Each structure stands twice: as structure tokens, then as C-alpha cells.
file entry.csv (CSV, C-alpha atoms)
chain,number,residue,atom,x,y,z
A,11,MET,CA,105.4,77.0,135.7
A,12,GLU,CA,105.7,79.9,133.2
A,13,ARG,CA,102.5,80.8,131.6
A,14,MET,CA,102.3,80.1,127.9
A,15,LEU,CA,101.0,82.5,125.3
A,16,TYR,CA,97.5,81.9,124.0
A,17,PHE,CA,97.3,83.2,120.4
A,18,GLY,CA,93.5,83.2,120.4
A,19,THR,CA,93.7,86.5,122.2
A,20,PHE,CA,96.6,87.9,120.2
A,21,VAL,CA,95.6,91.0,118.2
A,22,PRO,CA,97.8,91.9,115.1
A,23,HIS,CA,99.4,95.3,115.5
A,24,MET,CA,99.5,98.0,112.9
A,25,ILE,CA,102.9,99.2,114.0
A,26,LEU,CA,105.3,96.5,115.4
A,27,GLN,CA,107.4,97.6,118.4
A,28,ASN,CA,110.0,95.9,120.5
A,29,ASP,CA,111.0,97.7,123.7
A,30,LYS,CA,113.1,94.8,125.1
A,31,LEU,CA,115.4,94.8,122.1
A,32,LEU,CA,115.7,98.6,122.1
A,33,ALA,CA,116.6,98.6,125.8
A,34,TYR,CA,119.3,96.0,125.2
A,35,ILE,CA,120.9,98.0,122.3
A,36,SER,CA,120.7,101.2,124.3
A,37,ARG,CA,122.5,99.6,127.2
A,38,LEU,CA,125.1,98.2,124.8
A,39,LEU,CA,125.8,101.6,123.2
A,40,ASN,CA,126.1,103.2,126.6
A,41,THR,CA,129.1,101.0,127.5
A,42,GLY,CA,131.1,102.9,124.8
A,43,GLU,CA,133.0,99.8,124.0
A,44,GLU,CA,131.5,99.2,120.5
A,45,SER,CA,131.3,102.7,119.1
A,46,LYS,CA,133.0,101.6,115.8
A,47,ARG,CA,130.6,98.8,115.2
A,48,LEU,CA,127.5,100.2,116.8
A,49,SER,CA,126.5,103.7,116.1
A,50,TYR,CA,123.5,106.1,116.3
A,51,LEU,CA,122.1,108.0,113.3
A,52,GLU,CA,119.1,110.1,112.3
A,53,LEU,CA,117.5,110.0,108.8
A,54,ASN,CA,114.9,112.1,107.1
A,55,LYS,CA,111.6,110.9,105.7
A,56,ASP,CA,111.4,108.9,102.4
A,57,LEU,CA,114.9,107.5,102.6
A,58,PHE,CA,115.6,103.8,101.9
A,59,LEU,CA,117.4,101.7,104.5
A,60,LEU,CA,117.2,98.5,102.4
A,61,ASN,CA,116.7,98.2,98.7
A,62,GLN,CA,115.2,94.9,97.4
A,63,ASP,CA,117.6,92.5,95.8
A,64,LYS,CA,120.6,94.6,97.0
A,65,ALA,CA,123.4,93.7,99.3
A,66,VAL,CA,122.9,94.4,103.0
A,67,HIS,CA,125.9,95.6,105.0
A,68,ALA,CA,124.3,96.6,108.3
A,69,VAL,CA,121.4,95.8,110.7
A,70,TYR,CA,119.3,98.7,112.1
A,71,ILE,CA,117.2,99.0,115.2
A,72,ILE,CA,114.6,101.8,115.3
A,73,LYS,CA,114.9,104.2,118.3
A,74,ASP,CA,112.2,106.6,117.2
A,75,GLY,CA,110.0,107.0,114.1
A,76,ILE,CA,108.3,104.6,111.6
A,77,CYS,CA,109.5,102.7,108.6
A,78,ARG,CA,107.5,100.7,106.1
A,79,CYS,CA,108.5,97.4,104.6
A,80,SER,CA,107.3,96.4,101.2
A,81,ILE,CA,108.0,93.8,98.6
A,82,LYS,CA,107.9,94.7,94.9
A,83,GLN,CA,106.7,92.0,92.5
A,84,THR,CA,108.0,91.3,89.0
A,85,ASN,CA,105.0,93.1,87.6
A,86,GLN,CA,106.3,96.2,89.5
A,87,LYS,CA,103.3,96.1,91.9
A,88,SER,CA,104.2,96.5,95.6
A,89,TYR,CA,102.8,94.7,98.6
A,90,LEU,CA,103.1,96.7,101.9
A,91,LEU,CA,104.0,94.0,104.3
A,92,GLU,CA,104.2,95.9,107.6
A,93,PHE,CA,105.1,99.0,109.5
A,94,LEU,CA,108.1,99.0,111.8
A,95,GLY,CA,108.2,101.2,114.9
A,96,ARG,CA,110.3,101.7,118.1
A,97,GLY,CA,112.7,98.8,118.8
A,98,GLU,CA,112.0,96.9,115.6
A,99,ILE,CA,115.0,95.4,113.8
A,100,ILE,CA,115.8,95.8,110.1
A,101,GLY,CA,118.1,93.6,108.0
A,102,GLU,CA,118.4,90.8,110.5
A,103,ILE,CA,117.1,88.1,108.1
A,104,GLU,CA,119.6,89.1,105.4
A,105,ALA,CA,122.4,89.2,107.9
A,106,ILE,CA,121.5,85.7,109.3
A,107,LEU,CA,121.2,84.2,105.9
A,108,ASP,CA,124.0,86.3,104.4
A,109,SER,CA,121.6,87.1,101.5
A,110,TYR,CA,120.5,90.1,99.4
A,111,SER,CA,117.5,92.1,100.7
A,112,LEU,CA,114.1,90.4,100.5
A,113,ALA,CA,112.2,93.7,100.7
A,114,GLU,CA,112.7,97.4,100.6
A,115,VAL,CA,112.5,99.4,103.8
A,116,GLN,CA,111.7,103.2,103.7
A,117,THR,CA,111.4,105.8,106.4
A,118,MET,CA,107.9,107.3,106.8
A,119,SER,CA,109.1,110.1,109.1
A,120,THR,CA,112.3,111.4,110.6
A,121,VAL,CA,113.8,108.2,112.1
A,122,ALA,CA,116.4,107.7,114.8
A,123,LEU,CA,118.3,104.4,114.5
A,124,PHE,CA,121.0,102.3,116.0
A,125,LYS,CA,123.3,100.8,113.3
A,126,LEU,CA,125.1,97.5,113.8
A,127,ASP,CA,127.8,96.4,111.5
A,128,LYS,CA,126.7,93.2,109.8
A,129,THR,CA,129.7,91.1,111.1
A,130,TYR,CA,129.1,92.5,114.6
A,131,PHE,CA,125.5,91.5,114.5
A,132,GLN,CA,126.5,88.0,113.4
A,133,GLN,CA,129.0,87.9,116.3
A,134,LEU,CA,126.4,88.9,118.8
A,135,MET,CA,124.0,86.2,117.5
A,136,ARG,CA,126.7,83.5,118.0
A,137,GLN,CA,128.1,84.7,121.3
A,138,ASP,CA,125.4,86.6,123.3
A,139,PRO,CA,122.4,84.3,124.3
A,140,GLU,CA,120.3,87.3,125.5
A,141,PHE,CA,120.7,89.1,122.2
A,142,ASN,CA,120.0,85.9,120.2
A,143,GLU,CA,116.9,85.2,122.2
A,144,LEU,CA,115.6,88.8,121.7
A,145,VAL,CA,116.1,88.6,117.9
A,146,VAL,CA,114.5,85.1,117.6
A,147,ALA,CA,111.5,86.4,119.7
A,148,SER,CA,111.2,89.4,117.4
A,149,LEU,CA,111.1,87.2,114.3
A,150,ALA,CA,108.5,84.9,115.9
A,151,ILE,CA,106.2,87.8,116.9
A,152,ARG,CA,106.5,89.3,113.4
A,153,LEU,CA,105.6,85.9,111.9
A,154,ILE,CA,102.6,85.6,114.1
A,155,ASN,CA,101.5,89.1,113.3
A,156,THR,CA,101.8,88.5,109.5
A,157,ALA,CA,100.0,85.1,109.8
A,158,LEU,CA,97.0,86.6,111.7
A,159,LYS,CA,96.8,89.5,109.3
A,160,ALA,CA,96.8,87.2,106.3
A,161,ALA,CA,94.2,84.9,107.9
A,162,PHE,CA,91.9,87.8,108.7
A,163,GLN,CA,92.1,89.2,105.2
A,164,GLN,CA,91.5,85.8,103.5
A,165,THR,CA,88.4,85.0,105.7
A,166,ASN,CA,86.7,88.4,105.5
A,167,THR,CA,85.4,90.7,102.8
A,168,THR,CA,87.5,93.7,101.6
A,169,GLU,CA,85.0,96.0,103.3
A,170,VAL,CA,85.4,94.3,106.7
A,171,THR,CA,89.2,94.2,106.4
A,172,LEU,CA,89.3,97.9,105.4
A,173,GLN,CA,87.0,98.9,108.2
A,174,ARG,CA,89.3,97.2,110.7
A,175,LEU,CA,92.4,98.7,109.1
A,176,LEU,CA,90.9,102.2,109.2
A,177,LEU,CA,90.2,101.7,112.9
A,178,LEU,CA,93.8,100.6,113.6
A,179,LEU,CA,95.1,103.6,111.7
A,180,LYS,CA,93.0,105.9,113.8
A,181,GLN,CA,94.2,104.3,117.0
A,182,GLU,CA,97.9,104.5,115.9
A,183,GLN,CA,97.3,108.1,114.6
A,184,ILE,CA,98.7,107.2,111.1
A,185,ARG,CA,97.6,108.8,107.9
A,186,LEU,CA,98.2,106.8,104.7
A,187,PRO,CA,97.6,107.8,101.1
A,188,LYS,CA,95.2,105.6,99.2
A,189,ASN,CA,98.0,103.9,97.3
A,190,ASP,CA,99.6,102.7,100.5
A,191,LEU,CA,96.3,101.6,101.8
A,192,ALA,CA,95.7,99.5,98.7
A,193,ASN,CA,99.2,98.0,98.8
A,194,TYR,CA,98.7,97.0,102.4
A,195,LEU,CA,95.5,95.3,101.6
A,196,GLY,CA,96.9,93.7,98.4
A,197,ILE,CA,94.2,95.3,96.2
A,198,THR,CA,94.1,98.0,93.5
A,199,VAL,CA,93.3,101.6,94.2
A,200,ARG,CA,90.1,101.2,92.1
A,201,THR,CA,88.9,98.3,94.4
A,202,LEU,CA,89.8,100.4,97.4
A,203,ASN,CA,87.7,103.3,96.2
A,204,ARG,CA,84.7,101.0,95.6
A,205,SER,CA,85.1,99.6,99.1
A,206,LEU,CA,85.3,103.0,100.7
A,207,ASN,CA,82.2,104.1,98.9
A,208,ARG,CA,80.3,101.0,100.2
A,209,LEU,CA,81.5,101.7,103.7
A,210,ASN,CA,80.3,105.3,103.4
A,211,GLU,CA,76.9,104.2,102.1
A,212,SER,CA,76.5,101.8,105.1
A,213,ILE,CA,77.1,104.5,107.7
call {"tool": "encode", "arguments": {"input": "entry.csv", "output": "C-alpha cells"}}
result
Amino acid sequence: MERMLYFGTFVPHMILQNDKLLAYISRLLNTGEESKRLSYLELNKDLFLLNQDKAVHAVYIIKDGICRCSIKQTNQKSYLLEFLGRGEIIGEIEAILDSYSLAEVQTMSTVALFKLDKTYFQQLMRQDPEFNELVVASLAIRLINTALKAAFQQTNTTEVTLQRLLLLLKQEQIRLPKNDLANYLGITVRTLNRSLNRLNESI
């Protein structure tokens, strides 16, 4: 019998990655049969792949680099939802639901991507069980990661959450400006500064 996952040992990741999906898309591109609907591109830092509340015409899978996904509220404040790394998929929810973009996705570095035409992505979801399973698994892992992150932040003080975040950033070798740190934690920069001062005092 296949061993089931036990989420009690699941640790949220700072940067989500999906090597299985990346391997699948790389293999598909190498066939050369879908060059018109599946392509490779490179983008510079600080460019938007998705704009919130705008139409989505393609789905992207990251080959190299990091993107950030954030949601802007009606008060113009942003919540930094997650960081997307190698193999992560972008725009799949909008393509599945045929909807406008839920969030905005921006490159944090030079990023290499595979680009799938929206209708081609929808076709693969209907006709290719392996691809469908990989995308569903990606969505499930992302949901688990978000849920565990939210649970940790809701059941611990800002200082404890911040300390853990700083450790994860160090492990992933990511440097974030204070504004991004605050957005990721869902707090103001002022609150962040107070928490940083308390942490420094306790060391």
C-alpha cells in the first residue's frame, strides 16, 4: 500500500518549487511538436507576468528564477502571498476558471519561463492525465503551504513569526526589503520595525 502523507511533519516552504512539473514541460518542449503553443522566454527583474483583475492569455512555468505573488486590496495595501520558484506554475487558476487574474505576479530576478497558450493548457488538462495530476498536486501543495503559514501566523506572536521568517530567508538566501517583509507578514512597516527592535533586544 502506498504510504500516505502526514501533514504533521510538513514544513511550509519559503519558495515553492515543483521539479516534476518542470520535467514534464521540458520533455514536452523537446519533442518540438508544440513550438507554436509552448515556448521558452527570459524576462528581466521587476516585470509583471500577471496583473490583478486583468485578462490572462497564457500559463507560465518557471524554469529558473523567482517570482512573487501578491494581492492588492481595495485600500491599495498589498499582501505578499507567496514566492514561486523552479517548476511553479502561474496563471493556471485563471485558465481553469476562465477568469481575470486573482493576483499580480512579478519577477524578482531574471526569470526563465515556459509559456503555454491558454487554450493549449486547457486542452492538456482535459486530455493528458499525467499533466492534469501534476497541476492538481501543485495546487494542493500550495494550498497546504498557505494554510500552514496562516495557522502559524495566527497562533504565534509577530516576533516569533518574524524570527522564523528571517531564518527561512537566510536558508533560502533571499534578501527582502522591509516593505516586502511587512506585506508577507500582513503587518505595517512600523509594526515590523518594532518587532525587529524587540528581537534585537532579546539577543
call {"tool": "atom_distance", "arguments": {"input": "entry.csv", "atom1": "atom CA of A:Gln86", "atom2": "atom CA of A:Val199"}}
result
14.8 Å
call {"tool": "residues_around", "arguments": {"input": "entry.csv", "residues": "A:Ile35", "least_positions_apart": "5", "cutoff": "9 Å", "atoms": "only C-alpha atoms", "output": "ChimeraX atom specification"}}
result
/A:30,40,48,71,97,124,141
call {"tool": "residues_around", "arguments": {"input": "entry.csv", "residues": "A:Tyr130", "least_positions_apart": "5", "cutoff": "9 Å", "atoms": "only C-alpha atoms", "output": "PyMOL selection string"}}
result
chain A and resi 47-48+68+135
call {"tool": "closest_residue", "arguments": {"input": "entry.csv", "among": "A:Pro187, A:Ile81, A:Tyr34, A:Tyr110", "to": "A:Lys64", "atoms": "all atoms listed in the file"}}
result
A:Tyr110
call {"tool": "residues_around", "arguments": {"input": "entry.csv", "residues": "stretch 165-169 of chain A", "least_positions_apart": "3", "cutoff": "9 Å", "atoms": "all atoms listed in the file", "output": "list in words"}}
result
Ala160, Ala161, Phe162, Leu172, Gln173, Arg174, Leu195, Ile197, Thr201, Leu202, Ser205, Leu206, Arg208 and Leu209 of chain A
call {"tool": "write_last_selection", "arguments": {"input": "entry.csv", "atoms": "C-alpha atoms", "output": "PDB file, in the coordinates of the input"}}
result
ATOM      1  CA  ALA A 160      96.800  87.200 106.300  1.00  0.00           C
ATOM      2  CA  ALA A 161      94.200  84.900 107.900  1.00  0.00           C
ATOM      3  CA  PHE A 162      91.900  87.800 108.700  1.00  0.00           C
ATOM      4  CA  LEU A 172      89.300  97.900 105.400  1.00  0.00           C
ATOM      5  CA  GLN A 173      87.000  98.900 108.200  1.00  0.00           C
ATOM      6  CA  ARG A 174      89.300  97.200 110.700  1.00  0.00           C
ATOM      7  CA  LEU A 195      95.500  95.300 101.600  1.00  0.00           C
ATOM      8  CA  ILE A 197      94.200  95.300  96.200  1.00  0.00           C
ATOM      9  CA  THR A 201      88.900  98.300  94.400  1.00  0.00           C
ATOM     10  CA  LEU A 202      89.800 100.400  97.400  1.00  0.00           C
ATOM     11  CA  SER A 205      85.100  99.600  99.100  1.00  0.00           C
ATOM     12  CA  LEU A 206      85.300 103.000 100.700  1.00  0.00           C
ATOM     13  CA  ARG A 208      80.300 101.000 100.200  1.00  0.00           C
ATOM     14  CA  LEU A 209      81.500 101.700 103.700  1.00  0.00           C
TER      15      LEU A 209
END
call {"tool": "residues_around", "arguments": {"input": "entry.csv", "residues": "A:Leu26", "least_positions_apart": "3", "cutoff": "12 Å", "atoms": "only C-alpha atoms", "output": "mmCIF file with C-alpha atoms, keeping the file's coordinate frame"}}
result
data_model
loop_
_atom_site.group_PDB
_atom_site.id
_atom_site.type_symbol
_atom_site.label_atom_id
_atom_site.label_comp_id
_atom_site.auth_asym_id
_atom_site.auth_seq_id
_atom_site.Cartn_x
_atom_site.Cartn_y
_atom_site.Cartn_z
ATOM 1 C CA VAL A 21 95.600 91.000 118.200
ATOM 2 C CA PRO A 22 97.800 91.900 115.100
ATOM 3 C CA HIS A 23 99.400 95.300 115.500
ATOM 4 C CA ASP A 29 111.000 97.700 123.700
ATOM 5 C CA ILE A 72 114.600 101.800 115.300
ATOM 6 C CA GLY A 75 110.000 107.000 114.100
ATOM 7 C CA ILE A 76 108.300 104.600 111.600
ATOM 8 C CA CYS A 77 109.500 102.700 108.600
ATOM 9 C CA ARG A 78 107.500 100.700 106.100
ATOM 10 C CA CYS A 79 108.500 97.400 104.600
ATOM 11 C CA LEU A 91 104.000 94.000 104.300
ATOM 12 C CA GLU A 92 104.200 95.900 107.600
ATOM 13 C CA PHE A 93 105.100 99.000 109.500
ATOM 14 C CA LEU A 94 108.100 99.000 111.800
ATOM 15 C CA GLY A 95 108.200 101.200 114.900
ATOM 16 C CA ARG A 96 110.300 101.700 118.100
ATOM 17 C CA GLY A 97 112.700 98.800 118.800
ATOM 18 C CA GLU A 98 112.000 96.900 115.600
ATOM 19 C CA ILE A 99 115.000 95.400 113.800
ATOM 20 C CA ILE A 100 115.800 95.800 110.100
ATOM 21 C CA SER A 148 111.200 89.400 117.400
ATOM 22 C CA LEU A 149 111.100 87.200 114.300
ATOM 23 C CA ILE A 151 106.200 87.800 116.900
ATOM 24 C CA ARG A 152 106.500 89.300 113.400
ATOM 25 C CA LEU A 153 105.600 85.900 111.900
ATOM 26 C CA ILE A 154 102.600 85.600 114.100
ATOM 27 C CA ASN A 155 101.500 89.100 113.300
ATOM 28 C CA THR A 156 101.800 88.500 109.500
ATOM 29 C CA GLU A 182 97.900 104.500 115.900
#
call {"tool": "closest_residue", "arguments": {"input": "entry.csv", "among": "A:Asn85, A:Ser119, A:Leu144, A:Glu52", "to": "A:Ile184", "atoms": "all atoms listed in the file"}}
result
A:Ser119
call {"tool": "residues_around", "arguments": {"input": "entry.csv", "residues": "A:Ile103", "least_positions_apart": "5", "cutoff": "12 Å", "atoms": "all atoms listed in the file", "output": "number ranges by chain"}}
result
A: 60, 66-70, 108-113, 128, 131-132, 135, 145-146, 148-149, 152
call {"tool": "closest_residue", "arguments": {"input": "entry.csv", "among": "A:Glu114, A:Asp127, A:Asp74, A:Glu140", "to": "A:Ser88", "atoms": "all atoms listed in the file"}}
result
A:Glu114
call {"tool": "closest_residue", "arguments": {"input": "entry.csv", "among": "A:Lys73, A:Lys188, A:Arg136, A:Lys82", "to": "A:Tyr50", "atoms": "only C-alpha atoms"}}
result
A:Lys73
call {"tool": "closest_residue", "arguments": {"input": "entry.csv", "among": "A:Val170, A:Ala192, A:Leu123, A:Leu134", "to": "A:Asn54", "atoms": "only C-alpha atoms"}}
result
A:Leu123
call {"tool": "atom_distance", "arguments": {"input": "entry.csv", "atom1": "atom CA of A:Asn193", "atom2": "atom CA of A:Gln62"}}
result
16.4 Å
call {"tool": "atom_distance", "arguments": {"input": "entry.csv", "atom1": "atom CA of A:Gly196", "atom2": "atom CA of A:Tyr89"}}
result
6.0 Å
